[in-house]
>>> print(open('my_file-v5.pdb').read())   # PDB, C-alpha atoms and all ligand atoms
ATOM      1  CA  MET A 273     -13.920  31.198  -2.281
ATOM      2  CA  GLY A 274     -12.995  27.512  -2.312
ATOM      3  CA  LYS A 275     -10.891  25.294  -0.078
ATOM      4  CA  LEU A 276      -8.591  22.308  -0.173
ATOM      5  CA  TYR A 277      -8.901  19.210   1.975
ATOM      6  CA  VAL A 278      -5.735  17.105   2.162
ATOM      7  CA  ILE A 279      -7.130  13.740   3.078
ATOM      8  CA  GLY A 280      -5.594  10.527   4.349
ATOM      9  CA  ILE A 281      -8.032   7.836   3.277
ATOM     10  CA  GLY A 282      -6.503   5.133   5.479
ATOM     11  CA  PRO A 283      -5.153   1.826   4.218
ATOM     12  CA  GLY A 284      -7.726   1.216   1.501
ATOM     13  CA  GLY A 285     -11.294   0.237   2.210
ATOM     14  CA  ILE A 286     -13.920   2.842   3.002
ATOM     15  CA  ASP A 287     -14.574   1.010   6.292
ATOM     16  CA  HIS A 288     -11.306   2.308   7.676
ATOM     17  CA  MET A 289     -11.720   5.889   6.558
ATOM     18  CA  SER A 290     -12.780   8.564   9.056
ATOM     19  CA  LEU A 291     -16.256  10.032   8.906
ATOM     20  CA  LYS A 292     -14.645  13.469   8.632
ATOM     21  CA  ALA A 293     -12.754  12.339   5.501
ATOM     22  CA  GLN A 294     -15.952  10.919   3.997
ATOM     23  CA  LYS A 295     -17.808  14.185   4.696
ATOM     24  CA  ALA A 296     -15.001  16.264   3.158
ATOM     25  CA  ILE A 297     -15.148  14.171  -0.019
ATOM     26  CA  GLU A 298     -18.918  14.535  -0.046
ATOM     27  CA  GLU A 299     -18.548  18.326   0.194
ATOM     28  CA  SER A 300     -15.952  18.476  -2.606
ATOM     29  CA  ASN A 301     -16.732  18.960  -6.272
ATOM     30  CA  ILE A 302     -13.194  18.024  -7.404
ATOM     31  CA  ILE A 303     -11.102  15.041  -6.315
ATOM     32  CA  VAL A 304      -7.372  14.862  -7.057
ATOM     33  CA  GLY A 305      -5.177  11.805  -6.527
ATOM     34  CA  TYR A 306      -3.346   8.842  -7.997
ATOM     35  CA  THR A 307      -5.534   6.608 -10.117
ATOM     36  CA  LYS A 308      -5.022   3.713  -7.690
ATOM     37  CA  TYR A 309      -6.214   5.713  -4.668
ATOM     38  CA  ILE A 310      -9.154   7.127  -6.611
ATOM     39  CA  GLU A 311     -10.235   3.531  -7.335
ATOM     40  CA  MET A 312     -10.215   2.746  -3.604
ATOM     41  CA  VAL A 313     -12.832   5.381  -2.775
ATOM     42  CA  LYS A 314     -14.786   5.178  -6.022
ATOM     43  CA  PRO A 315     -18.195   4.516  -4.401
ATOM     44  CA  LEU A 316     -17.953   7.983  -2.796
ATOM     45  CA  LEU A 317     -17.198   9.762  -6.041
ATOM     46  CA  GLN A 318     -20.521   9.879  -7.877
ATOM     47  CA  ASN A 319     -20.927  13.199  -9.720
ATOM     48  CA  LYS A 320     -17.449  14.451  -8.839
ATOM     49  CA  GLU A 321     -14.938  15.849 -11.243
ATOM     50  CA  ILE A 322     -11.889  13.618 -10.950
ATOM     51  CA  PHE A 323      -8.280  14.556 -11.690
ATOM     52  CA  SER A 324      -6.437  11.280 -11.447
ATOM     53  CA  THR A 325      -2.742  11.672 -11.992
ATOM     54  CA  GLY A 326      -0.799   8.536 -12.733
ATOM     55  CA  MET A 327       2.395   9.954 -14.127
ATOM     56  CA  ARG A 328       2.774  13.595 -13.223
ATOM     57  CA  GLY A 329       5.093  14.646 -10.420
ATOM     58  CA  GLU A 330       3.950  15.415  -6.914
ATOM     59  CA  GLU A 331       4.800  19.119  -7.126
ATOM     60  CA  ASN A 332       2.582  19.493 -10.210
ATOM     61  CA  ARG A 333      -0.239  17.633  -8.518
ATOM     62  CA  CYS A 334      -0.044  19.870  -5.441
ATOM     63  CA  LYS A 335       0.126  23.037  -7.537
ATOM     64  CA  GLU A 336      -2.885  21.909  -9.528
ATOM     65  CA  ALA A 337      -4.856  21.127  -6.362
ATOM     66  CA  LEU A 338      -3.974  24.506  -4.822
ATOM     67  CA  ASP A 339      -4.934  26.376  -8.014
ATOM     68  CA  LEU A 340      -8.244  24.537  -8.307
ATOM     69  CA  SER A 341      -9.053  25.208  -4.645
ATOM     70  CA  LYS A 342      -9.326  28.957  -5.281
ATOM     71  CA  ASP A 343     -12.786  28.487  -6.841
ATOM     72  CA  ASN A 344     -13.716  24.908  -5.904
ATOM     73  CA  VAL A 345     -13.921  22.601  -2.939
ATOM     74  CA  VAL A 346     -11.119  20.148  -3.670
ATOM     75  CA  SER A 347     -10.057  16.928  -1.954
ATOM     76  CA  LEU A 348      -6.483  15.777  -2.526
ATOM     77  CA  ILE A 349      -6.325  12.191  -1.395
ATOM     78  CA  SER A 350      -3.423   9.990  -0.325
ATOM     79  CA  THR A 351      -3.454   6.605   1.382
ATOM     80  CA  GLY A 352      -2.853   6.120   5.066
ATOM     81  CA  ASP A 353      -2.223   9.445   6.769
ATOM     82  CA  SER A 354      -1.587  12.396   4.464
ATOM     83  CA  GLY A 355       0.879  13.730   7.032
ATOM     84  CA  ILE A 356       3.063  10.592   6.985
ATOM     85  CA  TYR A 357       4.987  10.248   3.705
ATOM     86  CA  GLY A 358       1.911  11.859   2.114
ATOM     87  CA  MET A 359       1.045  15.207   0.533
ATOM     88  CA  ALA A 360       0.196  17.405   3.537
ATOM     89  CA  GLY A 361       3.716  18.766   4.045
ATOM     90  CA  LEU A 362       4.316  19.713   0.425
ATOM     91  CA  ILE A 363       0.905  21.380   0.184
ATOM     92  CA  LEU A 364       1.586  23.533   3.253
ATOM     93  CA  GLU A 365       5.062  24.398   1.961
ATOM     94  CA  MET A 366       3.654  25.483  -1.418
ATOM     95  CA  ARG A 367       0.516  27.174  -0.074
ATOM     96  CA  LYS A 368       0.145  30.947  -0.461
ATOM     97  CA  ASP A 369      -3.278  32.134   0.719
ATOM     98  CA  GLU A 370      -5.461  29.145  -0.140
ATOM     99  CA  GLU A 371      -7.639  27.651   2.627
ATOM    100  CA  VAL A 372      -6.187  24.236   3.488
ATOM    101  CA  HIS A 373      -7.450  21.612   5.963
ATOM    102  CA  VAL A 374      -5.472  18.456   6.751
ATOM    103  CA  ILE A 375      -7.594  15.414   7.606
ATOM    104  CA  PRO A 376      -5.759  12.470   9.189
ATOM    105  CA  GLY A 377      -6.104   8.789   8.312
ATOM    106  CA  ILE A 378      -4.977   5.431   9.654
ATOM    107  CA  THR A 379      -1.336   5.055   8.681
ATOM    108  CA  ALA A 380       0.146   1.778   7.380
ATOM    109  CA  SER A 381       1.955   0.935  10.623
ATOM    110  CA  SER A 382      -1.281   1.175  12.648
ATOM    111  CA  ALA A 383      -3.201  -0.773  10.022
ATOM    112  CA  ALA A 384      -0.555  -3.498   9.805
ATOM    113  CA  GLY A 385      -0.135  -3.516  13.592
ATOM    114  CA  SER A 386      -3.795  -4.344  14.042
ATOM    115  CA  VAL A 387      -3.512  -7.197  11.540
ATOM    116  CA  VAL A 388      -0.684  -8.941  13.420
ATOM    117  CA  GLY A 389      -1.569  -8.033  17.017
ATOM    118  CA  ALA A 390      -0.241  -5.130  19.088
ATOM    119  CA  PRO A 391       3.366  -4.555  18.027
ATOM    120  CA  LEU A 392       3.379  -0.749  18.447
ATOM    121  CA  MET A 393       2.350  -0.742  22.138
ATOM    122  CA  HIS A 394       5.543   0.954  23.259
ATOM    123  CA  ASP A 395       7.857   3.618  21.824
ATOM    124  CA  ASN A 396       8.057   3.158  18.094
ATOM    125  CA  CYS A 397       9.211   4.954  14.997
ATOM    126  CA  ASN A 398       8.728   4.983  11.232
ATOM    127  CA  ILE A 399      11.649   4.880   8.829
ATOM    128  CA  SER A 400      11.215   5.007   5.065
ATOM    129  CA  LEU A 401      13.839   3.104   3.098
ATOM    130  CA  SER A 402      13.153   5.216   0.008
ATOM    131  CA  ASP A 403      16.268   7.124  -1.005
ATOM    132  CA  LEU A 404      14.455   9.369  -3.494
ATOM    133  CA  MET A 405      14.708  12.274  -1.090
ATOM    134  CA  THR A 406      16.907  10.949   1.720
ATOM    135  CA  PRO A 407      20.514   9.799   1.211
ATOM    136  CA  TYR A 408      20.965   6.102   2.034
ATOM    137  CA  GLU A 409      23.703   6.970   4.552
ATOM    138  CA  ASP A 410      21.126   8.964   6.573
ATOM    139  CA  ILE A 411      18.604   6.130   6.346
ATOM    140  CA  LYS A 412      21.149   3.625   7.701
ATOM    141  CA  LYS A 413      22.110   6.013  10.501
ATOM    142  CA  ARG A 414      18.452   6.333  11.549
ATOM    143  CA  VAL A 415      17.989   2.555  11.461
ATOM    144  CA  LYS A 416      21.107   2.098  13.592
ATOM    145  CA  LEU A 417      20.080   4.690  16.181
ATOM    146  CA  ALA A 418      16.476   3.404  16.328
ATOM    147  CA  ALA A 419      17.816  -0.106  16.879
ATOM    148  CA  GLU A 420      20.225   1.107  19.539
ATOM    149  CA  GLY A 421      17.387   3.074  21.207
ATOM    150  CA  ASP A 422      15.265  -0.104  21.315
ATOM    151  CA  PHE A 423      12.364   1.432  19.365
ATOM    152  CA  VAL A 424       9.874  -0.821  17.609
ATOM    153  CA  ILE A 425      10.681   0.047  13.982
ATOM    154  CA  SER A 426       8.175   0.246  11.120
ATOM    155  CA  LEU A 427       9.955   0.226   7.772
ATOM    156  CA  TYR A 428       7.908   2.012   5.077
ATOM    157  CA  ASN A 429       8.794   1.701   1.371
ATOM    158  CA  PRO A 430      10.878  -1.323   2.338
ATOM    159  CA  LYS A 431      11.869  -2.534  -1.090
ATOM    160  CA  SER A 432      11.834  -1.554  -4.723
ATOM    161  CA  LYS A 433      13.573  -2.778  -7.856
ATOM    162  CA  GLY A 434      16.006   0.122  -7.840
ATOM    163  CA  ARG A 435      17.297  -0.669  -4.320
ATOM    164  CA  PRO A 436      16.867  -4.392  -3.745
ATOM    165  CA  HIS A 437      19.535  -4.708  -1.006
ATOM    166  CA  TYR A 438      18.567  -1.919   1.387
ATOM    167  CA  LEU A 439      16.111  -3.953   3.429
ATOM    168  CA  LYS A 440      18.525  -6.841   3.914
ATOM    169  CA  GLU A 441      21.301  -4.444   4.907
ATOM    170  CA  CYS A 442      19.074  -2.554   7.352
ATOM    171  CA  ILE A 443      17.927  -5.809   8.971
ATOM    172  CA  GLU A 444      21.617  -6.718   9.414
ATOM    173  CA  ILE A 445      22.187  -3.373  11.176
ATOM    174  CA  ILE A 446      19.241  -4.080  13.507
ATOM    175  CA  LYS A 447      20.626  -7.543  14.298
ATOM    176  CA  GLU A 448      23.689  -5.910  15.835
ATOM    177  CA  TYR A 449      21.449  -4.510  18.583
ATOM    178  CA  ARG A 450      18.587  -7.023  18.959
ATOM    179  CA  LYS A 451      18.365 -10.652  19.975
ATOM    180  CA  GLU A 452      17.538 -12.881  17.039
ATOM    181  CA  ASP A 453      14.337 -14.333  18.544
ATOM    182  CA  ILE A 454      12.294 -11.118  18.519
ATOM    183  CA  PRO A 455       9.344 -10.968  16.096
ATOM    184  CA  VAL A 456       9.329  -9.312  12.703
ATOM    185  CA  ALA A 457       6.068  -8.875  10.783
ATOM    186  CA  VAL A 458       5.669  -8.414   7.075
ATOM    187  CA  VAL A 459       2.200  -7.165   6.195
ATOM    188  CA  LYS A 460       1.255  -6.700   2.587
ATOM    189  CA  ASN A 461      -1.878  -4.700   1.670
ATOM    190  CA  ALA A 462      -2.997  -4.338   5.291
ATOM    191  CA  LEU A 463      -6.788  -3.940   5.638
ATOM    192  CA  ARG A 464      -7.394  -3.985   1.902
ATOM    193  CA  GLU A 465      -7.775  -6.451  -0.927
ATOM    194  CA  GLY A 466      -4.823  -8.822  -1.197
ATOM    195  CA  GLU A 467      -3.916  -8.693   2.515
ATOM    196  CA  GLU A 468      -1.137 -11.085   3.536
ATOM    197  CA  ALA A 469       0.583 -11.177   6.902
ATOM    198  CA  THR A 470       3.585 -13.159   8.117
ATOM    199  CA  ILE A 471       5.283 -13.122  11.510
ATOM    200  CA  VAL A 472       8.768 -14.602  11.817
ATOM    201  CA  THR A 473      11.746 -14.098  14.112
ATOM    202  CA  LEU A 474      14.577 -11.746  13.225
ATOM    203  CA  LYS A 475      16.778 -14.798  12.693
ATOM    204  CA  ASP A 476      14.437 -16.300  10.077
ATOM    205  CA  PHE A 477      13.547 -13.076   8.320
ATOM    206  CA  ASN A 478      13.640 -13.449   4.555
ATOM    207  CA  ASP A 479      13.235 -10.301   2.497
ATOM    208  CA  GLU A 480      12.021 -12.147  -0.594
ATOM    209  CA  ILE A 481       8.335 -11.850   0.317
ATOM    210  CA  VAL A 482       8.600  -8.082   0.803
ATOM    211  CA  ASP A 483       7.545  -5.576  -1.869
ATOM    212  CA  MET A 484       6.401  -1.946  -2.106
ATOM    213  CA  PHE A 485       2.892  -2.836  -0.927
ATOM    214  CA  SER A 486       4.332  -4.221   2.307
ATOM    215  CA  ILE A 487       5.426  -2.762   5.590
ATOM    216  CA  VAL A 488       7.954  -4.444   7.883
ATOM    217  CA  ILE A 489       7.592  -4.096  11.656
ATOM    218  CA  VAL A 490      10.550  -5.105  13.828
ATOM    219  CA  GLY A 491       9.857  -5.680  17.527
ATOM    220  CA  ASN A 492      11.848  -4.222  20.423
ATOM    221  CA  SER A 493      13.892  -6.316  22.854
ATOM    222  CA  LYS A 494      10.742  -7.272  24.822
ATOM    223  CA  SER A 495       8.380  -8.086  21.920
ATOM    224  CA  TYR A 496       7.183 -11.669  21.648
ATOM    225  CA  ILE A 497       4.704 -13.925  19.873
ATOM    226  CA  LYS A 498       1.679 -15.350  21.730
ATOM    227  CA  ASP A 499      -0.868 -17.564  19.958
ATOM    228  CA  GLY A 500       0.277 -16.236  16.612
ATOM    229  CA  ARG A 501      -0.031 -12.586  17.690
ATOM    230  CA  PHE A 502       2.881 -10.128  17.782
ATOM    231  CA  ILE A 503       2.869  -8.285  21.119
ATOM    232  CA  THR A 504       5.096  -5.550  22.505
ATOM    233  CA  PRO A 505       4.434  -5.322  26.244
ATOM    234  CA  ARG A 506       3.475  -1.930  27.586
ATOM    235  CA  GLY A 507       5.110  -2.849  30.876
ATOM    236  CA  TYR A 508       2.202  -4.074  33.055
ATOM    237  CA  ASN A 509       3.507  -6.656  35.469
ATOM    238  CA  ILE A 510       0.910  -9.301  34.607
ATOM    239  CA  ARG A 511       3.204 -12.194  35.410
ATOM    240  CA  GLY A 512       3.743 -10.953  38.962
ATOM    241  CA  GLU A 513       7.491 -10.719  38.553
ATOM    242  CA  GLU A 514       9.608  -8.783  41.087
TER     243      GLU A 514
HETATM  244  N1  LIG B   1       0.844   7.927   3.685
HETATM  245  C1  LIG B   1       0.988   6.492   3.745
HETATM  246  C2  LIG B   1       2.397   6.007   3.467
HETATM  247  C3  LIG B   1       2.852   6.229   2.039
HETATM  248  S1  LIG B   1       4.461   5.575   1.762
HETATM  249  C4  LIG B   1       0.552   6.006   5.148
HETATM  250  O1  LIG B   1       0.407   6.823   6.076
HETATM  251  O2  LIG B   1       0.330   4.789   5.310
HETATM  252  C5  LIG B   1       4.054   4.072   0.924
HETATM  253  C6  LIG B   1       4.453   2.870   1.763
HETATM  254  O3  LIG B   1       3.525   2.749   2.845
HETATM  255  C7  LIG B   1       4.393   1.539   1.036
HETATM  256  O4  LIG B   1       5.591   1.265   0.325
HETATM  257  C8  LIG B   1       4.217   0.574   2.200
HETATM  258  O5  LIG B   1       5.449   0.363   2.850
HETATM  259  C9  LIG B   1       3.340   1.378   3.146
HETATM  260  N2  LIG B   1       1.891   1.059   3.015
HETATM  261  C10 LIG B   1       0.914   1.914   2.670
HETATM  262  N3  LIG B   1      -0.288   1.304   2.751
HETATM  263  C11 LIG B   1      -0.064   0.035   3.163
HETATM  264  C12 LIG B   1      -0.897  -1.092   3.449
HETATM  265  N4  LIG B   1      -2.230  -1.022   3.339
HETATM  266  N5  LIG B   1      -0.307  -2.242   3.854
HETATM  267  C13 LIG B   1       1.025  -2.315   4.008
HETATM  268  N6  LIG B   1       1.866  -1.279   3.758
HETATM  269  C14 LIG B   1       1.342  -0.123   3.339
END
>>> encode(input="my_file-v5.pdb", output="structure tokens")
Amino acid sequence: MGKLYVIGIGPGGIDHMSLKAQKAIEESNIIVGYTKYIEMVKPLLQNKEIFSTGMRGEENRCKEALDLSKDNVVSLISTGDSGIYGMAGLILEMRKDEEVHVIPGITASSAAGSVVGAPLMHDNCNISLSDLMTPYEDIKKRVKLAAEGDFVISLYNPKSKGRPHYLKECIEIIKEYRKEDIPVAVVKNALREGEEATIVTLKDFNDEIVDMFSIVIVGNSKSYIKDGRFITPRGYNIRGEE
């Protein structure tokens, strides 16, 4: 009787992967995942059978992992957290009687947050701008309501060739509810090779530097920049104000 680990490997480097995830990979004889993610954890994969899937669809990959897990210990890996725009949900939806364990990882917003400071200190939310499975009208509605609710907003999948204007349009929606001097961070390849981070104000935000390897974090009405760090106050009255 085998089992399936659905593993979030974190943003990239092995340094930021949990010990539990490393142990699960060690225990596995088969590793399934995108070629790019497999590369990231390659030092852990000596003597493992590897099913790297560049092109096949996600449903096929999940079905394959579930089938293999009947007689093998299998790790299905995704970046960040497997439960946040990852594979954990689909696996549990497709699962029949296979043994499945979900192992969390550091998601992109946490990784990017640590690179630029402490932007997620207060209520925050993730919104994916990918319209592959969510109609754009729903995405815009969520952006609008998150902006109105004064959440710090992390925009995942912010830009791709097929939808070059979404990010710009969503930033315009946010501007209707936020002052233009709050910080916005663009972090590309957080905590992995090729890391680049920029903090600007909402007014000066330029979507040209953003791509699919980036995440965009928009501050709430109280966020500010101190010594080059993006901070969202938790609410401690450190300035002694009434
Ligand atoms: N499961 C992943 C998210 C997958 S969606 C997680 O929890 O992080 C893919 C999107 O995540 C990318 O388009 C990008 O917006 C973001 N992303 C993933 N890793 C990132 C990283 N290291 N740096 C910046 N953004 C990242």
>>> closest_residue(input="my_file-v5.pdb", among="A:Lys431, A:His288, A:Arg333, A:Lys416", to="ligand LIG 1 (chain B)", atoms="only C-alpha atoms and all ligand atoms")
A:Lys431
>>> residues_near_ligand(input="my_file-v5.pdb", ligand="ligand LIG 1 (chain B)", cutoff="8 Å", atoms="all atoms listed in the file", output="PDB file with C-alpha atoms, in the frame of the given file")
ATOM      1  CA  GLY A 280      -5.594  10.527   4.349  1.00  0.00           C
ATOM      2  CA  GLY A 282      -6.503   5.133   5.479  1.00  0.00           C
ATOM      3  CA  PRO A 283      -5.153   1.826   4.218  1.00  0.00           C
ATOM      4  CA  GLY A 284      -7.726   1.216   1.501  1.00  0.00           C
ATOM      5  CA  SER A 350      -3.423   9.990  -0.325  1.00  0.00           C
ATOM      6  CA  THR A 351      -3.454   6.605   1.382  1.00  0.00           C
ATOM      7  CA  GLY A 352      -2.853   6.120   5.066  1.00  0.00           C
ATOM      8  CA  ASP A 353      -2.223   9.445   6.769  1.00  0.00           C
ATOM      9  CA  SER A 354      -1.587  12.396   4.464  1.00  0.00           C
ATOM     10  CA  GLY A 355       0.879  13.730   7.032  1.00  0.00           C
ATOM     11  CA  ILE A 356       3.063  10.592   6.985  1.00  0.00           C
ATOM     12  CA  TYR A 357       4.987  10.248   3.705  1.00  0.00           C
ATOM     13  CA  GLY A 358       1.911  11.859   2.114  1.00  0.00           C
ATOM     14  CA  MET A 359       1.045  15.207   0.533  1.00  0.00           C
ATOM     15  CA  GLY A 377      -6.104   8.789   8.312  1.00  0.00           C
ATOM     16  CA  ILE A 378      -4.977   5.431   9.654  1.00  0.00           C
ATOM     17  CA  THR A 379      -1.336   5.055   8.681  1.00  0.00           C
ATOM     18  CA  ALA A 380       0.146   1.778   7.380  1.00  0.00           C
ATOM     19  CA  SER A 381       1.955   0.935  10.623  1.00  0.00           C
ATOM     20  CA  ALA A 383      -3.201  -0.773  10.022  1.00  0.00           C
ATOM     21  CA  ALA A 384      -0.555  -3.498   9.805  1.00  0.00           C
ATOM     22  CA  SER A 400      11.215   5.007   5.065  1.00  0.00           C
ATOM     23  CA  LEU A 427       9.955   0.226   7.772  1.00  0.00           C
ATOM     24  CA  TYR A 428       7.908   2.012   5.077  1.00  0.00           C
ATOM     25  CA  ASN A 429       8.794   1.701   1.371  1.00  0.00           C
ATOM     26  CA  PRO A 430      10.878  -1.323   2.338  1.00  0.00           C
ATOM     27  CA  LYS A 431      11.869  -2.534  -1.090  1.00  0.00           C
ATOM     28  CA  VAL A 459       2.200  -7.165   6.195  1.00  0.00           C
ATOM     29  CA  LYS A 460       1.255  -6.700   2.587  1.00  0.00           C
ATOM     30  CA  ASN A 461      -1.878  -4.700   1.670  1.00  0.00           C
ATOM     31  CA  ALA A 462      -2.997  -4.338   5.291  1.00  0.00           C
ATOM     32  CA  LEU A 463      -6.788  -3.940   5.638  1.00  0.00           C
ATOM     33  CA  ARG A 464      -7.394  -3.985   1.902  1.00  0.00           C
ATOM     34  CA  GLU A 467      -3.916  -8.693   2.515  1.00  0.00           C
ATOM     35  CA  ASP A 483       7.545  -5.576  -1.869  1.00  0.00           C
ATOM     36  CA  MET A 484       6.401  -1.946  -2.106  1.00  0.00           C
ATOM     37  CA  PHE A 485       2.892  -2.836  -0.927  1.00  0.00           C
ATOM     38  CA  SER A 486       4.332  -4.221   2.307  1.00  0.00           C
ATOM     39  CA  ILE A 487       5.426  -2.762   5.590  1.00  0.00           C
ATOM     40  CA  VAL A 488       7.954  -4.444   7.883  1.00  0.00           C
TER      41      VAL A 488
END
>>> residues_around(input="my_file-v5.pdb", residues="range 310-326 of chain A", least_positions_apart="2", cutoff="9 Å", atoms="all atoms listed in the file", output="PyMOL selection string")
chain A and resi 281+284-286+294+297-298+300-308+328-329+333+349-350
>>> resolve_selection(input="my_file-v5.pdb", expression="the PyMOL selection byres (((chain A and resi 491) around 8) and not hetatm)", output="PyMOL selection string")
chain A and resi 391+423-425+454-456+489-490+492-496+504
>>> write_last_selection(input="my_file-v5.pdb", atoms="C-alpha atoms", output="PDB file, keeping the file's coordinate frame")
ATOM      1  CA  PRO A 391       3.366  -4.555  18.027  1.00  0.00           C
ATOM      2  CA  PHE A 423      12.364   1.432  19.365  1.00  0.00           C
ATOM      3  CA  VAL A 424       9.874  -0.821  17.609  1.00  0.00           C
ATOM      4  CA  ILE A 425      10.681   0.047  13.982  1.00  0.00           C
ATOM      5  CA  ILE A 454      12.294 -11.118  18.519  1.00  0.00           C
ATOM      6  CA  PRO A 455       9.344 -10.968  16.096  1.00  0.00           C
ATOM      7  CA  VAL A 456       9.329  -9.312  12.703  1.00  0.00           C
ATOM      8  CA  ILE A 489       7.592  -4.096  11.656  1.00  0.00           C
ATOM      9  CA  VAL A 490      10.550  -5.105  13.828  1.00  0.00           C
ATOM     10  CA  ASN A 492      11.848  -4.222  20.423  1.00  0.00           C
ATOM     11  CA  SER A 493      13.892  -6.316  22.854  1.00  0.00           C
ATOM     12  CA  LYS A 494      10.742  -7.272  24.822  1.00  0.00           C
ATOM     13  CA  SER A 495       8.380  -8.086  21.920  1.00  0.00           C
ATOM     14  CA  TYR A 496       7.183 -11.669  21.648  1.00  0.00           C
ATOM     15  CA  THR A 504       5.096  -5.550  22.505  1.00  0.00           C
TER      16      THR A 504
END
>>> resolve_selection(input="my_file-v5.pdb", expression="the PyMOL selection byres (((chain A and resi 476) around 10) and not hetatm)", output="compact mmCIF listing (two decimals) with C-alpha atoms, in the coordinates of the input")
# COMPACT_ATOMS: atom_id res chain seq x y z
CA GLU A 452 17.54 -12.88 17.04
CA ASP A 453 14.34 -14.33 18.54
CA PRO A 455 9.34 -10.97 16.10
CA VAL A 456 9.33 -9.31 12.70
CA ILE A 471 5.28 -13.12 11.51
CA VAL A 472 8.77 -14.60 11.82
CA THR A 473 11.75 -14.10 14.11
CA LEU A 474 14.58 -11.75 13.22
CA LYS A 475 16.78 -14.80 12.69
CA PHE A 477 13.55 -13.08 8.32
CA ASN A 478 13.64 -13.45 4.56
CA ASP A 479 13.24 -10.30 2.50
>>> atom_distance(input="my_file-v5.pdb", atom1="CA of Lys440 in chain A", atom2="CA of Ala469 in chain A")
18.7 Å
>>> closest_residue(input="my_file-v5.pdb", among="A:Glu371, A:Gly389, A:Glu441, A:Asn332", to="Glu409 in chain A", atoms="only C-alpha atoms")
A:Glu441
>>> closest_residue(input="my_file-v5.pdb", among="A:Asp410, A:Glu480, A:Glu465, A:Glu448", to="Pro436 in chain A", atoms="all atoms listed in the file")
A:Glu480
>>> resolve_selection(input="my_file-v5.pdb", expression="the PyMOL selection byres (((chain A and resi 411) around 10) and not hetatm)", output="VMD selection string")
chain A and resid 399 to 403 406 to 410 412 to 416 438 442
